[in-house]
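*Asks:* Have a look at the structure that comes next, please.
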Amino acid sequence: MKNKFLLIGALFSMTTLFGQNDISDARNYPVGADVTITGVASDGGELGGSIRYIQDETGGIPVYGFGTVSGVNRGDSVTVSGKLKDFSGLLEVDPISNLVNHGAGTEVPAWNINIVDLGETYEGRLVRIDNVSFSSGGNFAGGTNYTFTDGANNGTIRVNNGSSLVGQAIPSGAQTIVGLLSEYNGTYQLLPRDMNDIFGYTAPDKKIEVLVDGTPLLDGSTVHIGTAASTTMELKNIGINNLTVSNISFGGAAAADFSTTVSTGVIAGGANQTGTIDFTASTTGSRISVLTIESDDPDVSAFTLNIYGIGTDELATEPTVGASAIAFSNVEAYGMGVSYTPSTDAEGYLVVWKQGSAPTTAPTDGQSYLRGDMVGDAKVAYVGDGVAFNPRGIRANIDYHFAVYAYNGYDNYIDYNQAEVLTGNQMSGGEQIGNYYAGISSTSPNLIDELTALINPHTTSSYFMYKGLMMDGFEVMDTIGGDSYVVCCYSAERKVFSGAFDWTATGYSREHTYPHSWFPTFPANSTYGQEEDEYIDYHNLYPINQNEANQPRSNLPFGVVEEVLFEYLEGKRGKDANGAMVYEPTDKNKGNAARTVFYMATAYNGTNGTGHNWAIPSNQNQEVLKDWHFQDLPDNYEIARNELIYSIQNNRNPYVDSVDFVCYVDFHTMNYNTEGCEGLGLTNEFVDNNLSVFPNPSNEIVYVQLNGVEINSIDVKDMTGRTVGTFSSSTQYVEVDVTNFNAGTYLLNINTERGNLVKRIVVQ
């Protein structure tokens with residue numbers, strides 16, 4: 001058993017992203033990064049055959065892999081390489097690319113902590129909590145959480161299905177609990193491995209416990225007292241025999257600013273002594289001292305606390321240098337990692353970001369910020385002492401600009417270095433189509449079968465994993481005050497919530513755009529572990545407000561509502577022009593919905609799919625969907641989403657990648673449509689032979705002409721779908737002035753007398 005010597009802040013300890021040495025370093029890498037760790041397994045399959053918790057002296061982390069970890073026993077020393085993954089809040093290595101078992105090693109003892117310490121600092125570690133009791137009796141059941149308490153604070157243990165604890169009696173009275181600290185959706189849970197991890201608590205001979213303002217602290221903790229002149233401190237002997245405190249002293253450069261009324265002497269078993277830490281600042285800036293309490297505690301003879309006060313200017317000492325060498329990794333359409341070399345004397349970093357151009361406003365000294373807060377024209381992407389992070393809500397083809405401010409201090413005493421600001425920018429990825437559609441042509445009468453064969457077979461995940469893979473970090477985005485929000489794909493509602501995303505708490509669900517009841521395989525089995533591919537296909541699942549959007553839509557066809565019977569924000573249910581009941585989603589997602597229906601009808605149709613006819617129902621007007629498809633073309637969100645699902649399922653939605661495929665499919669019969677886009681009055685062949693867009697790329701004027709056809713107007717949309725300009729002309733050609741546009745990709749919606757067409761341009 002050991003006490004963790006915890007030092008908070010760069011003034012006391014510094015780990016860097018560069019030169020990974022241990023598990024603590026690895027945990028500072030951004031999600032998606034490749035890491036290699038060496039440590040000893042603290043479990044041997046008691047928590048499941050596919051996961052092992054690996055420890056070294058600096059920290060712990062679980063590694064996950066079906067079959068890969070099956071031969072690792074408790075106490076084995078292993079070296080594991082793989083990618084960092086966030087699974088519902090738990091940082092783990094998954095997938096594992098390589099594992100070497102070195103045989104029996106020396107197990108890392110449990111870290112002896114308090115309930116109040118159950119948090120990110122000890123996530124992944126084997127920990128021990130003494131002198132607690134369970135809040136309920138009876139027997140342990142699988143898949144169940146149980147509360148334990150020290151009388152003032154509560155903690156949680158999780159008993160997994162299949163655990164040897166299942167069916168065992170929940171012990172009464174004072175207990176010691178040992179377990180691996182996990183996290184699920186913001187709740188930290190102890191995972192006991194077996195009943196040997198829960199045993200009756202035996203008070204030690206003598207043991208010191210130090211409380212500041214009523215909170216028990218670990219040896220080496222940092223206490224933030226701000227400008228308070230007096231702070232309560234209590235020394236408690238939680239042993240049964242006398243504890244002798246022989247010396248209490250302050251050290252460090254600011255030692256003279258601190259004193260205490262707590263005296264030395266004997267503290268009887270179970271007794272305590274209470275006094276104060278007194279502080280009088282002698283100058284400005286950070287005033288830090290190390291308080292040492294010496295006693296005859298056999299485990300910790302010199303208990304230390306770092307006392308962090310603030311000087312007469314009510315600001316911490318500004319860092320002398322900023323961070324340096326910003327770097328970007330794992331750049332995709334849907335995410336990226338950001339890292340930097342740390343300052344030599346900063347305790348933390350505030351990172352702001354902005355789309356398209358550099359942030360122009362600096363943070364204000366004396367003001368603390370949370371992720372999502374606005375700093376002038378930019379938003380806080382990260383705040384903390386780490387040197388790597390993954391910004392949430394990355395979208396395709398956007399130039400993201402970052403500014404990193406080093407700071408010292410906390411709360412309203414923060415002082416930012418505004419002279420040495422680290423800046424950098426990175427364009428997110430775009431479509432990674434490559435040769436995916438090689439050999440496939442819209443002119444082939446076998447187009448549908450060829451697309452179905454291309455899409456299948458594909459990798460499947462699960463309904464359960466959708467949250468971790470699609471919601472956390474992609475659909476979920478930052479808003480002010482450290483809160484988050486998610487957008488309903490039907491109503492455009494921005495649902496704001498605190499903490500980790502949870503389906504039940506937000507009232508959201510992941511639901512099928514191509515309704516489940518339309519499946520020719522209905523009812524596809526959705527039991528966990530037996531989910532059919534078509535039921536769990538992520539291309540068909542979007543986050544939706546369950547009561548206000550998903551239930552009103554139900555399995556209705558999509559259409560244009562003329563008579564509204566129910567409306568919630570931008571989604572409505574009612575009658576179309578023919579008196580049929582339909583659902584109309586927000587304009588922002590009409591194209592998304594159409595392309596999803598087209599995908600499902602194509603992906604699972606015929607012998608290359610499920611063996612069934614996946615034609616859309618006759619009451620679903622395919623012309624409405626095709627109109628929506630062209631009116632709401634794929635934006636940077638949908639492109640990023642398609643790339644993310646491609647990384648998970650290894651298949652793409654062809655109607656996102658190629659807008660003209662829909663012209664050649666009759667989705668009511670799932671037959672090839674030889675007329676192509678004749679219904680729009682513009683064939684691909686005609687457009688290819690007669691459309692001129694020049695120059696492309698450009699940073700001035702782009703000339704657009706369609707020989708023989710009058711262009712009514714041209715709408716220019718950015719990759720978010722926002723119209724940034726409209727141009728027209730009385731001549732045969734139209735001049736599109738892009739002089740004042742930011743660099744990037746844009747879509748020209750060309751409206752003609754014979755229909756509409758779309759062309760991409762690049763602004764330099």
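Convention: chains lettered A, B, ... in structure tokens order; per-chain residue numbering from 1; ligands numbered from 1 as shown.
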Tell me which protein, DNA and RNA residues are within 6 Å of segment 532-542 of chain A, counting only C-alpha atoms, leaving out same-chain ones fewer than 3 positions away, and put them as a list of chain:residue names.

*Replies:* A:Ser462, A:Tyr463, A:Arg510, A:Glu511, A:His512, A:Thr513, A:Thr596

*Asks:* Taking only C-alpha atoms into account, produce a table as a tab-separated table in which each residue of segment 463-500 of chain A with an atom at most 7 Å from an atom of segment 556-570 of chain A appears once, together with its shortest atom pair and the distance in Å to one decimal, ordered by chain and rising number.

*Replies:*
```
residue	atom	partner	partner_atom	distance
A:Ser491	CA	A:Glu570	CA	4.6
A:Ala492	CA	A:Glu570	CA	6.2
A:Glu493	CA	A:Leu569	CA	6.9
```

*Asks:* Could you pull the residues within 9 Å of segment 601-609 of chain A, counting only C-alpha atoms, minus those fewer than 4 positions along the same chain, as a PDB file with N, CA, C and O atoms, in the first residue's frame?

*Replies:*
```
ATOM      1  N   ILE A 448     -26.771  -0.122 -60.060  1.00  0.00           N
ATOM      2  CA  ILE A 448     -27.296  -0.404 -58.720  1.00  0.00           C
ATOM      3  C   ILE A 448     -26.605  -1.616 -58.123  1.00  0.00           C
ATOM      4  O   ILE A 448     -26.139  -1.579 -56.971  1.00  0.00           O
ATOM      5  N   ASP A 449     -26.516  -2.692 -58.887  1.00  0.00           N
ATOM      6  CA  ASP A 449     -25.863  -3.907 -58.373  1.00  0.00           C
ATOM      7  C   ASP A 449     -24.391  -3.653 -58.077  1.00  0.00           C
ATOM      8  O   ASP A 449     -23.839  -4.182 -57.099  1.00  0.00           O
ATOM      9  N   GLU A 450     -23.753  -2.855 -58.928  1.00  0.00           N
ATOM     10  CA  GLU A 450     -22.335  -2.571 -58.715  1.00  0.00           C
ATOM     11  C   GLU A 450     -22.122  -1.756 -57.438  1.00  0.00           C
ATOM     12  O   GLU A 450     -21.176  -2.004 -56.680  1.00  0.00           O
ATOM     13  N   LEU A 451     -23.006  -0.784 -57.184  1.00  0.00           N
ATOM     14  CA  LEU A 451     -22.887  -0.004 -55.953  1.00  0.00           C
ATOM     15  C   LEU A 451     -23.171  -0.865 -54.729  1.00  0.00           C
ATOM     16  O   LEU A 451     -22.488  -0.752 -53.702  1.00  0.00           O
ATOM     17  N   THR A 452     -24.179  -1.740 -54.827  1.00  0.00           N
ATOM     18  CA  THR A 452     -24.490  -2.622 -53.695  1.00  0.00           C
ATOM     19  C   THR A 452     -23.313  -3.527 -53.379  1.00  0.00           C
ATOM     20  O   THR A 452     -22.955  -3.715 -52.207  1.00  0.00           O
ATOM     21  N   ALA A 453     -22.705  -4.091 -54.421  1.00  0.00           N
ATOM     22  CA  ALA A 453     -21.547  -4.964 -54.208  1.00  0.00           C
ATOM     23  C   ALA A 453     -20.376  -4.189 -53.627  1.00  0.00           C
ATOM     24  O   ALA A 453     -19.613  -4.716 -52.803  1.00  0.00           O
ATOM     25  N   LEU A 454     -20.238  -2.930 -54.049  1.00  0.00           N
ATOM     26  CA  LEU A 454     -19.132  -2.111 -53.535  1.00  0.00           C
ATOM     27  C   LEU A 454     -19.313  -1.814 -52.051  1.00  0.00           C
ATOM     28  O   LEU A 454     -18.356  -1.858 -51.271  1.00  0.00           O
ATOM     29  N   ILE A 455     -20.519  -1.515 -51.646  1.00  0.00           N
ATOM     30  CA  ILE A 455     -20.802  -1.152 -50.259  1.00  0.00           C
ATOM     31  C   ILE A 455     -20.667  -2.350 -49.327  1.00  0.00           C
ATOM     32  O   ILE A 455     -20.334  -2.200 -48.148  1.00  0.00           O
ATOM     33  N   ASN A 456     -20.872  -3.550 -49.867  1.00  0.00           N
ATOM     34  CA  ASN A 456     -20.853  -4.765 -49.045  1.00  0.00           C
ATOM     35  C   ASN A 456     -19.736  -5.716 -49.480  1.00  0.00           C
ATOM     36  O   ASN A 456     -19.352  -5.721 -50.649  1.00  0.00           O
ATOM     37  N   PRO A 457     -19.276  -6.576 -48.537  1.00  0.00           N
ATOM     38  CA  PRO A 457     -19.589  -6.523 -47.098  1.00  0.00           C
ATOM     39  C   PRO A 457     -18.831  -5.379 -46.444  1.00  0.00           C
ATOM     40  O   PRO A 457     -17.817  -4.914 -46.976  1.00  0.00           O
ATOM     41  N   TYR A 514     -34.172   5.835 -42.745  1.00  0.00           N
ATOM     42  CA  TYR A 514     -34.952   4.844 -43.483  1.00  0.00           C
ATOM     43  C   TYR A 514     -35.581   3.971 -42.405  1.00  0.00           C
ATOM     44  O   TYR A 514     -34.909   3.164 -41.774  1.00  0.00           O
ATOM     45  N   GLU A 534     -28.106  -4.252 -41.306  1.00  0.00           N
ATOM     46  CA  GLU A 534     -28.975  -3.164 -41.746  1.00  0.00           C
ATOM     47  C   GLU A 534     -29.555  -2.383 -40.583  1.00  0.00           C
ATOM     48  O   GLU A 534     -29.874  -1.200 -40.721  1.00  0.00           O
ATOM     49  N   THR A 596     -29.590   9.456 -47.257  1.00  0.00           N
ATOM     50  CA  THR A 596     -29.601   8.306 -46.360  1.00  0.00           C
ATOM     51  C   THR A 596     -30.596   7.258 -46.839  1.00  0.00           C
ATOM     52  O   THR A 596     -30.305   6.056 -46.850  1.00  0.00           O
ATOM     53  N   VAL A 597     -31.793   7.707 -47.245  1.00  0.00           N
ATOM     54  CA  VAL A 597     -32.792   6.773 -47.781  1.00  0.00           C
ATOM     55  C   VAL A 597     -32.255   6.102 -49.041  1.00  0.00           C
ATOM     56  O   VAL A 597     -32.383   4.876 -49.215  1.00  0.00           O
ATOM     57  N   ASN A 613     -35.927  -7.058 -51.780  1.00  0.00           N
ATOM     58  CA  ASN A 613     -36.145  -5.834 -52.542  1.00  0.00           C
ATOM     59  C   ASN A 613     -36.279  -4.671 -51.567  1.00  0.00           C
ATOM     60  O   ASN A 613     -37.234  -4.602 -50.801  1.00  0.00           O
ATOM     61  N   TRP A 614     -35.331  -3.738 -51.617  1.00  0.00           N
ATOM     62  CA  TRP A 614     -35.311  -2.614 -50.693  1.00  0.00           C
ATOM     63  C   TRP A 614     -35.856  -1.345 -51.327  1.00  0.00           C
ATOM     64  O   TRP A 614     -35.544  -0.226 -50.885  1.00  0.00           O
ATOM     65  N   ALA A 615     -36.682  -1.477 -52.359  1.00  0.00           N
ATOM     66  CA  ALA A 615     -37.294  -0.307 -52.967  1.00  0.00           C
ATOM     67  C   ALA A 615     -38.054   0.485 -51.916  1.00  0.00           C
ATOM     68  O   ALA A 615     -38.681  -0.081 -51.021  1.00  0.00           O
ATOM     69  N   ILE A 616     -38.015   1.814 -52.029  1.00  0.00           N
ATOM     70  CA  ILE A 616     -38.715   2.635 -51.045  1.00  0.00           C
ATOM     71  C   ILE A 616     -40.217   2.509 -51.264  1.00  0.00           C
ATOM     72  O   ILE A 616     -40.673   2.251 -52.381  1.00  0.00           O
ATOM     73  N   ASN A 653     -21.166   6.305 -48.477  1.00  0.00           N
ATOM     74  CA  ASN A 653     -22.460   6.580 -49.080  1.00  0.00           C
ATOM     75  C   ASN A 653     -22.199   7.184 -50.460  1.00  0.00           C
ATOM     76  O   ASN A 653     -21.738   8.325 -50.571  1.00  0.00           O
ATOM     77  N   PHE A 667     -35.891   4.500 -57.475  1.00  0.00           N
ATOM     78  CA  PHE A 667     -35.889   3.927 -56.134  1.00  0.00           C
ATOM     79  C   PHE A 667     -37.208   3.244 -55.777  1.00  0.00           C
ATOM     80  O   PHE A 667     -37.290   2.578 -54.745  1.00  0.00           O
ATOM     81  N   MET A 670     -36.098  -0.041 -57.938  1.00  0.00           N
ATOM     82  CA  MET A 670     -34.673  -0.385 -57.856  1.00  0.00           C
ATOM     83  C   MET A 670     -34.166  -0.909 -59.192  1.00  0.00           C
ATOM     84  O   MET A 670     -33.397  -1.863 -59.285  1.00  0.00           O
TER      85      MET A 670
END
```

*Asks:* Would you mind writing down, as number ranges by chain, each residue of segment 603-739 of chain A that DSSP on the backbone assigns to strand (DSSP E)?

*Replies:* A: 665-666, 671-672, 691-694, 701-706, 711-717, 723-727, 733-737

*Asks:* Quick one: everything within 7 Å of Asn98 of chain A, counting only C-alpha atoms, minus sequence neighbours fewer than 5 positions away in the same chain. Send it as a short mmCIF file (atom, residue, chain, number, x, y, z; two decimals) with N, CA and C atoms, in the first residue's frame.

*Replies:*
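around.cif, freshly written:
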```
data_model
loop_
_atom_site.label_atom_id
_atom_site.label_comp_id
_atom_site.auth_asym_id
_atom_site.auth_seq_id
_atom_site.Cartn_x
_atom_site.Cartn_y
_atom_site.Cartn_z
N VAL A 80 2.62 -2.84 -24.69
CA VAL A 80 1.45 -2.76 -25.56
C VAL A 80 1.55 -1.52 -26.44
N SER A 81 1.30 -1.71 -27.73
CA SER A 81 1.23 -0.58 -28.67
C SER A 81 -0.18 -0.53 -29.25
N GLY A 82 -0.66 0.68 -29.48
CA GLY A 82 -1.99 0.84 -30.06
C GLY A 82 -2.40 2.29 -30.06
#
```

*Asks:* Excluding segment 687-694 of chain A and its own-chain neighbours fewer than 4 positions away, which residues fall within 9 Å of it when counting only C-alpha atoms? Please give them as a ChimeraX atom specification.

*Replies:* /A:682-683,698,701-708,757,759,761

*Asks:* For Gly311 of chain A, please output as a list in words all residues within 8 Å (counting only C-alpha atoms; exclusion window: fewer than 4 positions along the same chain).

*Replies:* Thr227, Ala281, Ser282, Thr283, Thr284, Gly285, Ser286, Arg287, Leu315 and Ala316 of chain A

*Asks:* Where does DSSP see helix (DSSP H, G or I) in segment 477-724 of chain A, if you list the residues as number ranges by chain?

*Replies:* A: 480-482, 503-506, 516-518, 538-540, 546-553, 587-603, 622-631, 636-649, 654-657, 661-664, 676-680, 684-690

*Asks:* May I have the residues from that selection written out with C-alpha atoms, as a short mmCIF file (atom, residue, chain, number, x, y, z; two decimals), in the first residue's frame?

*Replies:*
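So again_24.cif came out as:
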```cif
data_model
loop_
_atom_site.label_atom_id
_atom_site.label_comp_id
_atom_site.auth_asym_id
_atom_site.auth_seq_id
_atom_site.Cartn_x
_atom_site.Cartn_y
_atom_site.Cartn_z
CA ILE A 480 -20.26 28.34 -23.21
CA GLY A 481 -19.63 27.51 -19.58
CA GLY A 482 -18.03 24.14 -20.29
CA TRP A 503 -29.21 9.46 -24.35
CA THR A 504 -31.77 9.30 -21.54
CA ALA A 505 -30.78 12.55 -19.83
CA THR A 506 -30.98 14.55 -23.09
CA HIS A 516 -37.05 0.17 -39.36
CA SER A 517 -40.61 -0.78 -40.33
CA TRP A 518 -39.73 -0.17 -44.00
CA TYR A 538 -24.32 4.10 -38.96
CA HIS A 539 -25.09 5.75 -42.31
CA ASN A 540 -28.78 5.41 -41.38
CA GLN A 546 -37.09 11.40 -29.29
CA ASN A 547 -40.38 13.00 -28.22
CA GLU A 548 -40.44 16.16 -30.32
CA ALA A 549 -39.04 14.87 -33.62
CA ASN A 550 -38.63 11.10 -33.82
CA GLN A 551 -42.10 10.21 -32.54
CA PRO A 552 -43.91 12.76 -34.77
CA ARG A 553 -41.99 11.47 -37.79
CA ASP A 587 -34.07 22.54 -44.73
CA LYS A 588 -30.54 22.06 -43.40
CA ASN A 589 -30.93 18.27 -43.38
CA LYS A 590 -33.34 17.55 -46.22
CA GLY A 591 -30.54 16.47 -48.53
CA ASN A 592 -28.97 14.40 -45.75
CA ALA A 593 -32.25 12.56 -45.18
CA ALA A 594 -32.72 11.91 -48.91
CA ARG A 595 -29.20 10.56 -49.39
CA THR A 596 -29.60 8.31 -46.36
CA VAL A 597 -32.79 6.77 -47.78
CA PHE A 598 -31.08 6.30 -51.14
CA TYR A 599 -28.09 4.66 -49.44
CA MET A 600 -30.16 2.13 -47.51
CA ALA A 601 -32.24 1.21 -50.57
CA THR A 602 -29.01 0.61 -52.48
CA ALA A 603 -26.83 -0.94 -49.77
CA GLN A 622 -38.82 9.88 -54.73
CA GLU A 623 -38.99 13.09 -56.76
CA VAL A 624 -39.32 15.05 -53.52
CA LEU A 625 -36.21 13.31 -52.20
CA LYS A 626 -34.30 13.93 -55.42
CA ASP A 627 -35.27 17.60 -55.34
CA TRP A 628 -34.04 17.82 -51.74
CA HIS A 629 -30.86 16.03 -52.76
CA PHE A 630 -30.01 18.74 -55.29
CA GLN A 631 -31.32 21.66 -53.24
CA ASN A 636 -18.81 20.00 -44.68
CA TYR A 637 -20.73 18.30 -41.85
CA GLU A 638 -22.08 15.55 -44.09
CA ILE A 639 -18.73 15.07 -45.82
CA ALA A 640 -17.01 14.74 -42.42
CA ARG A 641 -19.70 12.34 -41.20
CA ASN A 642 -19.30 10.19 -44.32
CA GLU A 643 -15.54 10.03 -43.75
CA LEU A 644 -15.98 9.15 -40.08
CA ILE A 645 -18.37 6.30 -40.89
CA TYR A 646 -15.99 5.16 -43.63
CA SER A 647 -13.27 4.87 -40.97
CA ILE A 648 -15.61 2.74 -38.84
CA GLN A 649 -17.51 0.64 -41.38
CA PRO A 654 -22.14 6.95 -52.87
CA TYR A 655 -24.84 9.60 -53.00
CA VAL A 656 -22.73 11.88 -50.81
CA ASP A 657 -19.67 11.31 -52.98
CA PHE A 661 -25.87 8.73 -59.19
CA VAL A 662 -29.44 9.43 -58.03
CA CYS A 663 -30.45 10.41 -61.55
CA TYR A 664 -29.96 6.85 -62.75
CA GLY A 676 -30.63 9.88 -66.17
CA CYS A 677 -31.04 13.57 -65.35
CA GLU A 678 -33.29 14.22 -68.36
CA GLY A 679 -36.03 14.94 -65.83
CA LEU A 680 -34.02 17.96 -64.82
CA ASN A 684 -24.47 14.69 -67.76
CA GLU A 685 -23.22 14.43 -71.30
CA PHE A 686 -24.66 17.84 -72.19
CA VAL A 687 -23.19 19.45 -69.08
CA ASP A 688 -19.78 17.84 -69.64
CA ASN A 689 -19.69 19.12 -73.21
CA ASN A 690 -21.07 22.62 -72.65
#
```
